[in-house]
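Text of the file model.pdb, holding PDB, C-alpha atoms:
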ATOM      1  CA  MET A 645     -10.008 -14.455 -23.457
ATOM      2  CA  ARG A 646      -6.702 -14.010 -21.672
ATOM      3  CA  ARG A 647      -4.524 -11.073 -22.664
ATOM      4  CA  ARG A 648      -1.009 -11.709 -23.898
ATOM      5  CA  SER A 649       2.005 -10.340 -22.072
ATOM      6  CA  TYR A 650       4.156  -7.593 -23.541
ATOM      7  CA  GLY A 651       7.299  -8.603 -21.758
ATOM      8  CA  LYS A 652       8.613  -7.816 -18.302
ATOM      9  CA  ASP A 653       9.655  -4.450 -16.979
ATOM     10  CA  PHE A 654      13.042  -5.677 -15.767
ATOM     11  CA  GLN A 655      14.043  -2.264 -14.437
ATOM     12  CA  LEU A 656      10.950  -2.106 -12.228
ATOM     13  CA  THR A 657      11.430  -5.711 -11.112
ATOM     14  CA  PHE A 658      15.064  -4.998 -10.217
ATOM     15  CA  ARG A 659      14.054  -1.963  -8.163
ATOM     16  CA  MET A 660      11.458  -3.936  -6.231
ATOM     17  CA  VAL A 661      13.943  -6.724  -5.523
ATOM     18  CA  ALA A 662      16.644  -4.235  -4.508
ATOM     19  CA  THR A 663      14.244  -2.413  -2.163
ATOM     20  CA  SER A 664      13.130  -5.704  -0.618
ATOM     21  CA  PHE A 665      16.781  -6.679  -0.095
ATOM     22  CA  LEU A 666      17.512  -3.367   1.626
ATOM     23  CA  LEU A 667      14.481  -3.925   3.845
ATOM     24  CA  LEU A 668      15.839  -7.372   4.721
ATOM     25  CA  LEU A 669      19.142  -5.763   5.744
ATOM     26  CA  VAL A 670      17.222  -3.399   8.017
ATOM     27  CA  TYR A 671      15.533  -6.425   9.635
ATOM     28  CA  VAL A 672      18.971  -7.952  10.223
ATOM     29  CA  ALA A 673      20.326  -4.679  11.652
ATOM     30  CA  PHE A 674      17.354  -4.428  14.004
ATOM     31  CA  GLY A 675      17.880  -7.990  15.218
ATOM     32  CA  LEU A 676      21.581  -7.365  15.838
ATOM     33  CA  LEU A 677      20.767  -4.147  17.695
ATOM     34  CA  LEU A 678      18.389  -5.991  20.002
ATOM     35  CA  LEU A 679      20.825  -8.829  20.647
ATOM     36  CA  ALA A 680      23.684  -6.402  21.347
ATOM     37  CA  ALA A 681      21.489  -4.624  23.900
ATOM     38  CA  GLY A 682      20.499  -7.895  25.554
ATOM     39  CA  ILE A 683      16.859  -7.602  24.446
ATOM     40  CA  ASP A 684      15.127 -10.819  23.407
ATOM     41  CA  PRO A 685      13.737 -10.165  19.890
ATOM     42  CA  LEU A 686      11.285 -13.061  20.226
ATOM     43  CA  PHE A 687       8.935 -11.046  22.455
ATOM     44  CA  LEU A 688       8.788  -8.174  19.953
ATOM     45  CA  LEU A 689       8.407 -10.623  17.077
ATOM     46  CA  VAL A 690       5.399 -12.295  18.700
ATOM     47  CA  ILE A 691       3.747  -8.920  19.407
ATOM     48  CA  GLY A 692       4.426  -7.769  15.843
ATOM     49  CA  VAL A 693       3.171 -10.977  14.214
ATOM     50  CA  VAL A 694      -0.063 -10.888  16.227
ATOM     51  CA  MET A 695      -0.737  -7.270  15.218
ATOM     52  CA  VAL A 696       0.159  -7.844  11.560
ATOM     53  CA  ALA A 697      -1.928 -11.034  11.419
ATOM     54  CA  PHE A 698      -4.902  -9.096  12.770
ATOM     55  CA  GLN A 699      -4.481  -6.530   9.979
ATOM     56  CA  TYR A 700      -3.819  -9.194   7.361
ATOM     57  CA  PHE A 701      -6.803 -11.421   8.068
ATOM     58  CA  GLY A 702      -9.176  -8.576   8.831
ATOM     59  CA  SER A 703      -8.060  -6.054   6.209
ATOM     60  CA  ASP A 704     -11.179  -6.390   4.048
ATOM     61  CA  LYS A 705     -13.596  -5.978   6.971
ATOM     62  CA  LEU A 706     -11.560  -3.164   8.559
ATOM     63  CA  VAL A 707     -11.329  -1.108   5.371
ATOM     64  CA  LEU A 708     -15.011  -1.554   4.526
ATOM     65  CA  MET A 709     -15.946  -0.522   8.047
ATOM     66  CA  THR A 710     -13.692   2.544   8.209
ATOM     67  CA  THR A 711     -14.567   3.801   4.711
ATOM     68  CA  GLY A 712     -18.291   3.139   4.974
ATOM     69  CA  ALA A 713     -18.186   1.245   1.670
ATOM     70  CA  LYS A 714     -21.272  -0.910   1.138
ATOM     71  CA  VAL A 715     -21.106  -4.302  -0.560
ATOM     72  CA  VAL A 716     -23.373  -4.328  -3.629
ATOM     73  CA  THR A 717     -24.930  -7.308  -5.380
ATOM     74  CA  PRO A 718     -25.090  -7.963  -9.149
ATOM     75  CA  GLU A 719     -28.750  -6.978  -8.998
ATOM     76  CA  GLU A 720     -27.918  -3.607  -7.438
ATOM     77  CA  GLU A 721     -24.944  -2.765  -9.694
ATOM     78  CA  PRO A 722     -25.121  -5.069 -12.745
ATOM     79  CA  GLU A 723     -22.732  -3.031 -14.945
ATOM     80  CA  LEU A 724     -20.066  -2.827 -12.244
ATOM     81  CA  HIS A 725     -20.248  -6.566 -11.558
ATOM     82  CA  ALA A 726     -20.211  -7.355 -15.272
ATOM     83  CA  MET A 727     -17.003  -5.358 -15.766
ATOM     84  CA  VAL A 728     -15.294  -7.112 -12.848
ATOM     85  CA  ASP A 729     -16.511 -10.525 -14.074
ATOM     86  CA  ARG A 730     -15.083  -9.902 -17.546
ATOM     87  CA  LEU A 731     -11.744  -8.521 -16.335
ATOM     88  CA  ALA A 732     -11.268 -11.307 -13.776
ATOM     89  CA  ALA A 733     -11.846 -13.903 -16.504
ATOM     90  CA  MET A 734      -9.330 -12.158 -18.770
ATOM     91  CA  ALA A 735      -6.817 -12.072 -15.897
ATOM     92  CA  ASP A 736      -7.405 -15.804 -15.241
ATOM     93  CA  MET A 737      -8.173 -15.185 -11.579
ATOM     94  CA  PRO A 738     -11.179 -15.626  -9.271
ATOM     95  CA  LYS A 739     -13.656 -12.802  -9.117
ATOM     96  CA  PRO A 740     -13.178 -10.803  -5.876
ATOM     97  CA  LYS A 741     -15.450 -12.019  -3.113
ATOM     98  CA  LYS A 742     -16.999  -8.592  -2.583
ATOM     99  CA  ILE A 743     -17.686  -5.573  -4.787
ATOM    100  CA  ALA A 744     -18.390  -2.406  -2.817
ATOM    101  CA  LEU A 745     -19.458   1.163  -3.436
ATOM    102  CA  MET A 746     -18.499   4.227  -1.406
ATOM    103  CA  ASP A 747     -21.154   6.921  -1.326
ATOM    104  CA  THR A 748     -18.823   9.894  -1.781
ATOM    105  CA  HIS A 749     -18.139  12.244  -4.655
ATOM    106  CA  VAL A 750     -14.367  11.884  -4.083
ATOM    107  CA  PRO A 751     -13.280  10.009  -7.251
ATOM    108  CA  ASN A 752     -11.213   6.959  -6.295
ATOM    109  CA  ALA A 753     -11.060   3.171  -5.978
ATOM    110  CA  PHE A 754      -9.238   0.594  -3.896
ATOM    111  CA  ALA A 755      -8.673  -3.134  -3.486
ATOM    112  CA  THR A 756      -7.845  -5.089  -0.357
ATOM    113  CA  GLY A 757      -7.983  -8.623   0.987
ATOM    114  CA  ARG A 758      -5.413 -11.229   1.918
ATOM    115  CA  ASN A 759      -5.664 -13.249  -1.331
ATOM    116  CA  PRO A 760      -7.626 -13.358  -4.607
ATOM    117  CA  LYS A 761     -10.354 -15.556  -3.086
ATOM    118  CA  ASN A 762     -10.913 -13.151  -0.162
ATOM    119  CA  ALA A 763     -10.578  -9.828  -1.925
ATOM    120  CA  VAL A 764     -12.641  -6.673  -2.073
ATOM    121  CA  ILE A 765     -12.781  -4.072  -4.823
ATOM    122  CA  ALA A 766     -14.458  -0.788  -3.975
ATOM    123  CA  VAL A 767     -15.170   2.252  -6.115
ATOM    124  CA  THR A 768     -16.699   5.598  -5.230
ATOM    125  CA  ARG A 769     -19.773   7.074  -6.833
ATOM    126  CA  GLY A 770     -17.618  10.040  -7.733
ATOM    127  CA  LEU A 771     -15.378   7.816  -9.840
ATOM    128  CA  MET A 772     -18.292   6.110 -11.596
ATOM    129  CA  THR A 773     -19.860   9.427 -12.566
ATOM    130  CA  ARG A 774     -16.628  11.104 -13.733
ATOM    131  CA  LEU A 775     -15.105   8.303 -15.834
ATOM    132  CA  ASN A 776     -16.394   6.704 -19.005
ATOM    133  CA  THR A 777     -16.795   2.931 -19.286
ATOM    134  CA  LYS A 778     -13.314   2.282 -20.738
ATOM    135  CA  GLU A 779     -11.664   4.375 -18.033
ATOM    136  CA  GLN A 780     -13.652   2.554 -15.343
ATOM    137  CA  GLU A 781     -12.458  -0.780 -16.759
ATOM    138  CA  ALA A 782      -8.856   0.444 -16.687
ATOM    139  CA  VAL A 783      -9.184   1.425 -13.006
ATOM    140  CA  LEU A 784     -10.806  -1.898 -12.107
ATOM    141  CA  ALA A 785      -8.033  -3.736 -13.979
ATOM    142  CA  HIS A 786      -5.465  -1.809 -11.919
ATOM    143  CA  GLU A 787      -7.165  -2.948  -8.713
ATOM    144  CA  LEU A 788      -7.394  -6.535  -9.942
ATOM    145  CA  SER A 789      -3.655  -6.408 -10.666
ATOM    146  CA  HIS A 790      -3.036  -5.423  -7.041
ATOM    147  CA  ILE A 791      -5.023  -8.461  -5.953
ATOM    148  CA  LYS A 792      -3.305 -10.817  -8.388
ATOM    149  CA  ASN A 793       0.125  -9.509  -7.311
ATOM    150  CA  ARG A 794      -0.871 -10.035  -3.651
ATOM    151  CA  ASP A 795       0.224  -6.510  -2.814
ATOM    152  CA  VAL A 796      -1.779  -6.347   0.406
ATOM    153  CA  MET A 797       0.028  -9.438   1.680
ATOM    154  CA  VAL A 798       3.465  -8.171   0.628
ATOM    155  CA  LEU A 799       3.112  -4.682   2.086
ATOM    156  CA  THR A 800       1.338  -5.816   5.258
ATOM    157  CA  TRP A 801       4.027  -8.306   6.202
ATOM    158  CA  ALA A 802       6.799  -5.962   5.056
ATOM    159  CA  GLY A 803       5.473  -3.558   7.667
ATOM    160  CA  LEU A 804       6.165  -6.024  10.487
ATOM    161  CA  ILE A 805       9.425  -4.262  11.324
ATOM    162  CA  VAL A 806       7.658  -0.903  11.584
ATOM    163  CA  ILE A 807       5.240  -2.338  14.131
ATOM    164  CA  MET A 808       8.063  -3.977  16.107
ATOM    165  CA  ALA A 809      10.218  -0.845  16.097
ATOM    166  CA  GLY A 810       7.254   1.376  16.950
ATOM    167  CA  PHE A 811       6.273  -0.854  19.877
ATOM    168  CA  LEU A 812       9.863  -0.881  21.178
ATOM    169  CA  MET A 813      10.081   2.920  20.895
ATOM    170  CA  GLN A 814       6.975   3.318  23.042
ATOM    171  CA  MET A 815       8.159   0.713  25.538
ATOM    172  CA  LEU A 816      11.558   2.377  25.933
ATOM    173  CA  PHE A 817       9.959   5.803  26.262
ATOM    174  CA  TRP A 818       7.693   4.755  29.114
ATOM    175  CA  MET A 819      10.424   2.731  30.810
ATOM    176  CA  SER A 820      12.787   5.708  30.717
ATOM    177  CA  LEU A 821      10.036   8.001  31.973
ATOM    178  CA  PHE A 822       9.448   5.836  35.025
ATOM    179  CA  GLY A 823      13.059   4.759  35.554
ATOM    180  CA  GLY A 824      12.532   1.201  34.333
ATOM    181  CA  ILE A 825      15.924   1.079  32.625
ATOM    182  CA  GLY A 826      19.086   2.188  34.286
ATOM    183  CA  GLY A 827      17.536   2.627  37.696
ATOM    184  CA  ASN A 828      19.706   4.909  39.845
ATOM    185  CA  ARG A 829      22.508   5.949  37.499
ATOM    186  CA  ASP A 830      24.768   6.801  40.426
ATOM    187  CA  ARG A 831      25.038   3.179  41.452
ATOM    188  CA  GLY A 832      27.029   0.411  39.838
ATOM    189  CA  GLY A 833      26.321  -0.098  36.177
ATOM    190  CA  GLY A 834      23.198   2.079  36.099
ATOM    191  CA  GLY A 835      24.944   4.674  33.964
ATOM    192  CA  ASN A 836      25.998   2.061  31.439
ATOM    193  CA  ALA A 837      22.481   0.658  31.300
ATOM    194  CA  PHE A 838      21.085   4.127  30.699
ATOM    195  CA  MET A 839      23.548   4.769  27.852
ATOM    196  CA  ILE A 840      22.651   1.428  26.304
ATOM    197  CA  MET A 841      18.970   2.388  26.512
ATOM    198  CA  ILE A 842      19.672   5.706  24.772
ATOM    199  CA  ALA A 843      21.687   3.962  22.042
ATOM    200  CA  VAL A 844      18.913   1.410  21.470
ATOM    201  CA  TYR A 845      16.283   4.155  21.457
ATOM    202  CA  VAL A 846      18.146   6.231  18.855
ATOM    203  CA  GLY A 847      18.901   3.124  16.779
ATOM    204  CA  THR A 848      15.258   2.039  16.906
ATOM    205  CA  ILE A 849      14.100   5.478  15.743
ATOM    206  CA  ALA A 850      16.528   5.299  12.806
ATOM    207  CA  ILE A 851      15.360   1.786  11.891
ATOM    208  CA  TYR A 852      11.712   2.842  12.187
ATOM    209  CA  TRP A 853      12.091   5.714   9.722
ATOM    210  CA  ILE A 854      14.397   3.887   7.303
ATOM    211  CA  SER A 855      12.005   0.937   7.115
ATOM    212  CA  GLN A 856       9.068   3.319   6.634
ATOM    213  CA  LEU A 857      10.830   4.970   3.688
ATOM    214  CA  LEU A 858      11.686   1.593   2.136
ATOM    215  CA  ILE A 859       8.110   0.328   2.481
ATOM    216  CA  LEU A 860       6.753   3.524   0.909
ATOM    217  CA  THR A 861       9.252   3.077  -1.926
ATOM    218  CA  LEU A 862       8.129  -0.520  -2.405
ATOM    219  CA  SER A 863       4.501   0.633  -2.390
ATOM    220  CA  ARG A 864       5.211   3.143  -5.164
ATOM    221  CA  TYR A 865       6.893   0.462  -7.286
ATOM    222  CA  ARG A 866       3.923  -1.844  -6.831
ATOM    223  CA  GLU A 867       1.626   0.945  -8.018
ATOM    224  CA  TYR A 868       3.685   1.093 -11.213
ATOM    225  CA  ALA A 869       3.381  -2.703 -11.511
ATOM    226  CA  ALA A 870      -0.420  -2.525 -11.096
ATOM    227  CA  ASP A 871      -0.556   0.204 -13.751
ATOM    228  CA  ARG A 872       1.352  -2.074 -16.113
ATOM    229  CA  GLY A 873      -0.938  -4.967 -15.222
ATOM    230  CA  SER A 874      -3.973  -2.845 -16.092
ATOM    231  CA  ALA A 875      -2.421  -1.735 -19.379
ATOM    232  CA  ILE A 876      -1.697  -5.320 -20.441
ATOM    233  CA  LEU A 877      -5.047  -6.660 -19.242
ATOM    234  CA  THR A 878      -7.152  -4.065 -21.061
ATOM    235  CA  GLY A 879      -4.751  -3.534 -23.943
ATOM    236  CA  ALA A 880      -5.401   0.209 -23.551
ATOM    237  CA  PRO A 881      -2.762   1.955 -21.414
ATOM    238  CA  LEU A 882      -3.995   5.401 -22.425
ATOM    239  CA  GLN A 883      -7.413   4.705 -20.914
ATOM    240  CA  LEU A 884      -5.805   4.293 -17.499
ATOM    241  CA  ALA A 885      -3.657   7.382 -18.173
ATOM    242  CA  SER A 886      -6.821   9.343 -18.931
ATOM    243  CA  ALA A 887      -8.509   8.011 -15.783
ATOM    244  CA  LEU A 888      -5.518   8.922 -13.588
ATOM    245  CA  SER A 889      -5.446  12.414 -15.076
ATOM    246  CA  LYS A 890      -9.162  12.980 -14.451
ATOM    247  CA  ILE A 891      -9.030  11.620 -10.893
ATOM    248  CA  SER A 892      -5.943  13.664 -10.024
ATOM    249  CA  ASP A 893      -7.341  16.883 -11.505
ATOM    250  CA  ASP A 894     -10.663  16.464  -9.725
ATOM    251  CA  MET A 895      -8.956  15.599  -6.443
ATOM    252  CA  TYR A 896      -7.579  19.126  -6.153
ATOM    253  CA  ARG A 897     -11.085  20.536  -6.565
ATOM    254  CA  ILE A 898     -12.492  18.438  -3.715
ATOM    255  CA  PRO A 899     -12.931  20.382  -0.435
ATOM    256  CA  GLU A 900     -10.425  19.484   2.282
ATOM    257  CA  LYS A 901     -13.160  18.380   4.684
ATOM    258  CA  ASP A 902     -14.408  15.788   2.185
ATOM    259  CA  LEU A 903     -10.897  14.421   1.622
ATOM    260  CA  ARG A 904     -10.391  14.063   5.375
ATOM    261  CA  GLN A 905     -13.387  11.730   5.490
ATOM    262  CA  VAL A 906     -11.568   9.207   3.278
ATOM    263  CA  GLU A 907      -7.926   9.858   4.186
ATOM    264  CA  HIS A 908      -7.691   6.757   6.401
ATOM    265  CA  ALA A 909      -8.008   4.651   3.224
ATOM    266  CA  ASN A 910      -5.478   6.727   1.286
ATOM    267  CA  ALA A 911      -2.812   4.009   1.111
ATOM    268  CA  PHE A 912      -5.303   1.734  -0.691
ATOM    269  CA  PHE A 913      -6.548   4.287  -3.242
ATOM    270  CA  ILE A 914      -5.474   4.324  -6.881
ATOM    271  CA  VAL A 915      -4.558   8.031  -6.582
ATOM    272  CA  ASN A 916      -3.298   9.819  -3.494
ATOM    273  CA  ALA A 917      -6.223  11.533  -1.773
ATOM    274  CA  LEU A 918      -3.951  13.697   0.387
ATOM    275  CA  LYS A 919      -2.899  17.061  -0.930
ATOM    276  CA  GLY A 920       0.822  17.727  -0.751
ATOM    277  CA  GLY A 921       3.660  19.327  -2.636
ATOM    278  CA  LYS A 922       6.264  17.639  -4.758
ATOM    279  CA  GLY A 923       8.625  17.603  -1.792
ATOM    280  CA  ALA A 924       6.356  15.055  -0.115
ATOM    281  CA  SER A 925       6.791  12.451  -2.873
ATOM    282  CA  MET A 926       9.318  10.413  -0.854
ATOM    283  CA  LEU A 927       6.781  10.174   1.969
ATOM    284  CA  SER A 928       3.945   9.129  -0.325
ATOM    285  CA  SER A 929       2.677   5.603  -0.949
ATOM    286  CA  HIS A 930       1.889   6.598  -4.562
ATOM    287  CA  PRO A 931       4.183   7.752  -7.375
ATOM    288  CA  PRO A 932       3.501  11.160  -8.960
ATOM    289  CA  VAL A 933       0.608  10.880 -11.405
ATOM    290  CA  GLU A 934       2.689  12.571 -14.107
ATOM    291  CA  LYS A 935       5.304   9.811 -13.960
ATOM    292  CA  ARG A 936       2.640   7.110 -14.008
ATOM    293  CA  ILE A 937       1.045   8.630 -17.096
ATOM    294  CA  GLN A 938       4.433   8.841 -18.825
ATOM    295  CA  LYS A 939       5.115   5.157 -18.137
ATOM    296  CA  LEU A 940       1.703   4.238 -19.500
ATOM    297  CA  ARG A 941       2.494   6.161 -22.673
ATOM    298  CA  ASP A 942       5.758   4.223 -22.916
ATOM    299  CA  ILE A 943       3.796   0.963 -22.634
ATOM    300  CA  GLN A 944       1.457   2.154 -25.399
ATOM    301  CA  ARG A 945       4.464   2.763 -27.667
ATOM    302  CA  GLU A 946       5.772  -0.684 -26.748
ATOM    303  CA  MET A 947       2.434  -2.202 -27.736
ATOM    304  CA  ASP A 948       2.284  -0.217 -30.968
ATOM    305  CA  ARG A 949       5.665  -1.625 -32.041
ATOM    306  CA  GLU A 950       4.223  -5.140 -31.748
ATOM    307  CA  PHE A 951       1.822  -4.460 -34.606
TER
END
Once you've parsed the file, please lay out its structure as structure tokens.
Amino acid sequence: MRRRSYGKDFQLTFRMVATSFLLLLVYVAFGLLLLAAGIDPLFLLVIGVVMVAFQYFGSDKLVLMTTGAKVVTPEEEPELHAMVDRLAAMADMPKPKKIALMDTHVPNAFATGRNPKNAVIAVTRGLMTRLNTKEQEAVLAHELSHIKNRDVMVLTWAGLIVIMAGFLMQMLFWMSLFGGIGGNRDRGGGGNAFMIMIAVYVGTIAIYWISQLLILTLSRYREYAADRGSAILTGAPLQLASALSKISDDMYRIPEKDLRQVEHANAFFIVNALKGGKGASMLSSHPPVEKRIQKLRDIQREMDREF
């Protein structure tokens, strides 16, 4: 049975659109910077597209390989598969191609894959042992919402500018180190060429960091959207709130060495696995858990008013 919708979060939608528009402006600024400096953007674009395409089409295999998550069959994990089957049917979407289990006591879960038909959902043993069945369903519904919203596709291709700017920064660094730009600055226009290189280098650094901040902001908004998707799909926002609270509380009890073993998958996790203070929130791919829980409580009140 499909769940009904409880209306749109127009404020969240507006913020995602506004952030995407700002990111588009950064793309335009980067293109103008390259053209003004006489650099053909097509070369950087081709390099960036190739690298992003590699990530995009291989994201499921790469993440499974780096996390050590093992794909499990319905015979090996019947309850886990049954929950995903039921939630996928309720969400009116294909069941993810692979269900995987990470053999770690760090409580977390993630989803990846370029589209719903080529998706992977993975959970850790730590999550399955710490959460009750309803909380597990809420977490799985959150991950299914990521897949349905095609968040991997959106964030991967949004990061194209970061790859292009990062590649250009390295190229300019090595060219300046070996005198590839500007040549002998005492002759002809060498000095002008060197100043142009410096201006492009500084501008590229600015674009790199601005685009990083915008993509992290977009990632945080899409976490809120997946939370809302889970709440609507299960009809129980407070179950996800309870799960987030348990995962977050346990995360700070996990030894640092264990967290480092899974930190490369942090951007995919439902809760940030990296320890950091509140000042690091702008540099995080996840919103503060406290704010997520508050929004889930707001959704619960919204649902309660319907009845």
* Can you pull out every residue within 6 Å of range 750-764 of chain A, counting all atoms listed in the file, but drop anything in the same chain fewer than 4 positions away, and send it as a PyMOL selection string? => chain A and resi 703-704+740-743+768+770-771+787+791+797+891+912-914
* Within 10 Å of (17.0, -3.4, 12.8), in the coordinates the file gives, what residues turn up when you count all atoms listed in the file, written out as a ChimeraX atom specification? -> /A:667-678,805-806,808-809,847-852,854-855
* Atomic separation - CA of Asp871 in chain A relative to CA of Pro932 in chain A, Å -> 12.6 Å
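The result of the PyMOL selection byres ((chain A and resi 863) around 9) on the shown file is A:Asp795, A:Leu799, A:Leu858, A:Ile859, A:Leu860, A:Thr861, A:Leu862, A:Arg864, A:Tyr865, A:Arg866, A:Glu867, A:Tyr868, A:Ala911, A:Ser928, A:Ser929, A:His930, A:Pro931.
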* To do: State, in Å with one decimal place, the distance from CA of Pro738 in chain A to CA of Val915 in chain A.
  =>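 CA of Val915 in chain A lies at a distance of 24.7 Å from CA of Pro738 in chain A.
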* Structure fact -> From the list A:Ala785, A:Val796, A:Met819, A:Val715, the nearest residue to Val728 in chain A using all atoms listed in the file is A:Ala785
* Give the answer as one residue: which of A:Ile937, A:Met660, A:Leu708, A:Val694 has the shortest atom-to-atom distance to Ile807 in chain A, using all atoms listed in the file? => A:Val694
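Take CA of Asp653 in chain A and CA of Phe665 in chain A: the distance between them is 18.5 Å.
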* Asked: Using the chain letters and numbers from the file, which residues does the PyMOL selection byres ((chain A and resi 732) around 10) grab, as an MDAnalysis selection string?
  -> chainID A and resid 646 726:731 733:740 784:785 788:789 792 877
* **Output of the PyMOL selection byres ((chain A and resi 772) around 12), listed as a VMD selection string** => chain A and resid 721 723 to 724 745 to 753 766 to 771 773 to 781 783 to 784 887 890 to 891
Would you put the residues from that selection into a file with C-alpha atoms, as a PDB file, keeping the file's coordinate frame?
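Saved as out.pdb:
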ATOM      1  CA  GLU A 721     -24.944  -2.765  -9.694  1.00  0.00           C
ATOM      2  CA  GLU A 723     -22.732  -3.031 -14.945  1.00  0.00           C
ATOM      3  CA  LEU A 724     -20.066  -2.827 -12.244  1.00  0.00           C
ATOM      4  CA  LEU A 745     -19.458   1.163  -3.436  1.00  0.00           C
ATOM      5  CA  MET A 746     -18.499   4.227  -1.406  1.00  0.00           C
ATOM      6  CA  ASP A 747     -21.154   6.921  -1.326  1.00  0.00           C
ATOM      7  CA  THR A 748     -18.823   9.894  -1.781  1.00  0.00           C
ATOM      8  CA  HIS A 749     -18.139  12.244  -4.655  1.00  0.00           C
ATOM      9  CA  VAL A 750     -14.367  11.884  -4.083  1.00  0.00           C
ATOM     10  CA  PRO A 751     -13.280  10.009  -7.251  1.00  0.00           C
ATOM     11  CA  ASN A 752     -11.213   6.959  -6.295  1.00  0.00           C
ATOM     12  CA  ALA A 753     -11.060   3.171  -5.978  1.00  0.00           C
ATOM     13  CA  ALA A 766     -14.458  -0.788  -3.975  1.00  0.00           C
ATOM     14  CA  VAL A 767     -15.170   2.252  -6.115  1.00  0.00           C
ATOM     15  CA  THR A 768     -16.699   5.598  -5.230  1.00  0.00           C
ATOM     16  CA  ARG A 769     -19.773   7.074  -6.833  1.00  0.00           C
ATOM     17  CA  GLY A 770     -17.618  10.040  -7.733  1.00  0.00           C
ATOM     18  CA  LEU A 771     -15.378   7.816  -9.840  1.00  0.00           C
ATOM     19  CA  THR A 773     -19.860   9.427 -12.566  1.00  0.00           C
ATOM     20  CA  ARG A 774     -16.628  11.104 -13.733  1.00  0.00           C
ATOM     21  CA  LEU A 775     -15.105   8.303 -15.834  1.00  0.00           C
ATOM     22  CA  ASN A 776     -16.394   6.704 -19.005  1.00  0.00           C
ATOM     23  CA  THR A 777     -16.795   2.931 -19.286  1.00  0.00           C
ATOM     24  CA  LYS A 778     -13.314   2.282 -20.738  1.00  0.00           C
ATOM     25  CA  GLU A 779     -11.664   4.375 -18.033  1.00  0.00           C
ATOM     26  CA  GLN A 780     -13.652   2.554 -15.343  1.00  0.00           C
ATOM     27  CA  GLU A 781     -12.458  -0.780 -16.759  1.00  0.00           C
ATOM     28  CA  VAL A 783      -9.184   1.425 -13.006  1.00  0.00           C
ATOM     29  CA  LEU A 784     -10.806  -1.898 -12.107  1.00  0.00           C
ATOM     30  CA  ALA A 887      -8.509   8.011 -15.783  1.00  0.00           C
ATOM     31  CA  LYS A 890      -9.162  12.980 -14.451  1.00  0.00           C
ATOM     32  CA  ILE A 891      -9.030  11.620 -10.893  1.00  0.00           C
TER      33      ILE A 891
END
* Selection near range 899-910 of chain A, 8 Å with all atoms listed in the file, sequence-local residues under 2 positions removed, as a ChimeraX atom specification -> /A:707,710-711,750,896-897,912-913,916-918
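Residues of protein, DNA and RNA with at least one atom no farther than 9 Å from (1.2, 2.7, -22.8) are, using only C-alpha atoms, Arg872, Ala875, Ile876, Gly879, Ala880, Pro881, Leu882, Leu884, Ala885, Ile937, Gln938, Lys939, Leu940, Arg941, Asp942, Ile943, Gln944, Arg945, Glu946, Met947 and Asp948 of chain A.
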Calculate, to one decimal in Å, the centre and edge lengths of the box along x, y and z of the file that holds all listed atoms of range 774-790 of chain A with 5 Å of margin on each side, and present them as lines of an AutoDock Vina configuration file.
center_x = -9.9
center_y = 2.3
center_z = -13.9
size_x = 23.8
size_y = 27.6
size_z = 23.7
Pull the closest atom pair for each residue of range 778-815 of chain A that gets at most 10 Å from range 838-845 of chain A, along with the distance in Å to one decimal, counting only C-alpha atoms, ordering rows by chain and then ascending residue number, as CSV.
residue,atom,partner,partner_atom,distance
A:Ala809,CA,A:Tyr845,CA,9.5
A:Leu812,CA,A:Tyr845,CA,8.2
A:Met813,CA,A:Tyr845,CA,6.3
A:Gln814,CA,A:Tyr845,CA,9.5
A:Met815,CA,A:Tyr845,CA,9.7
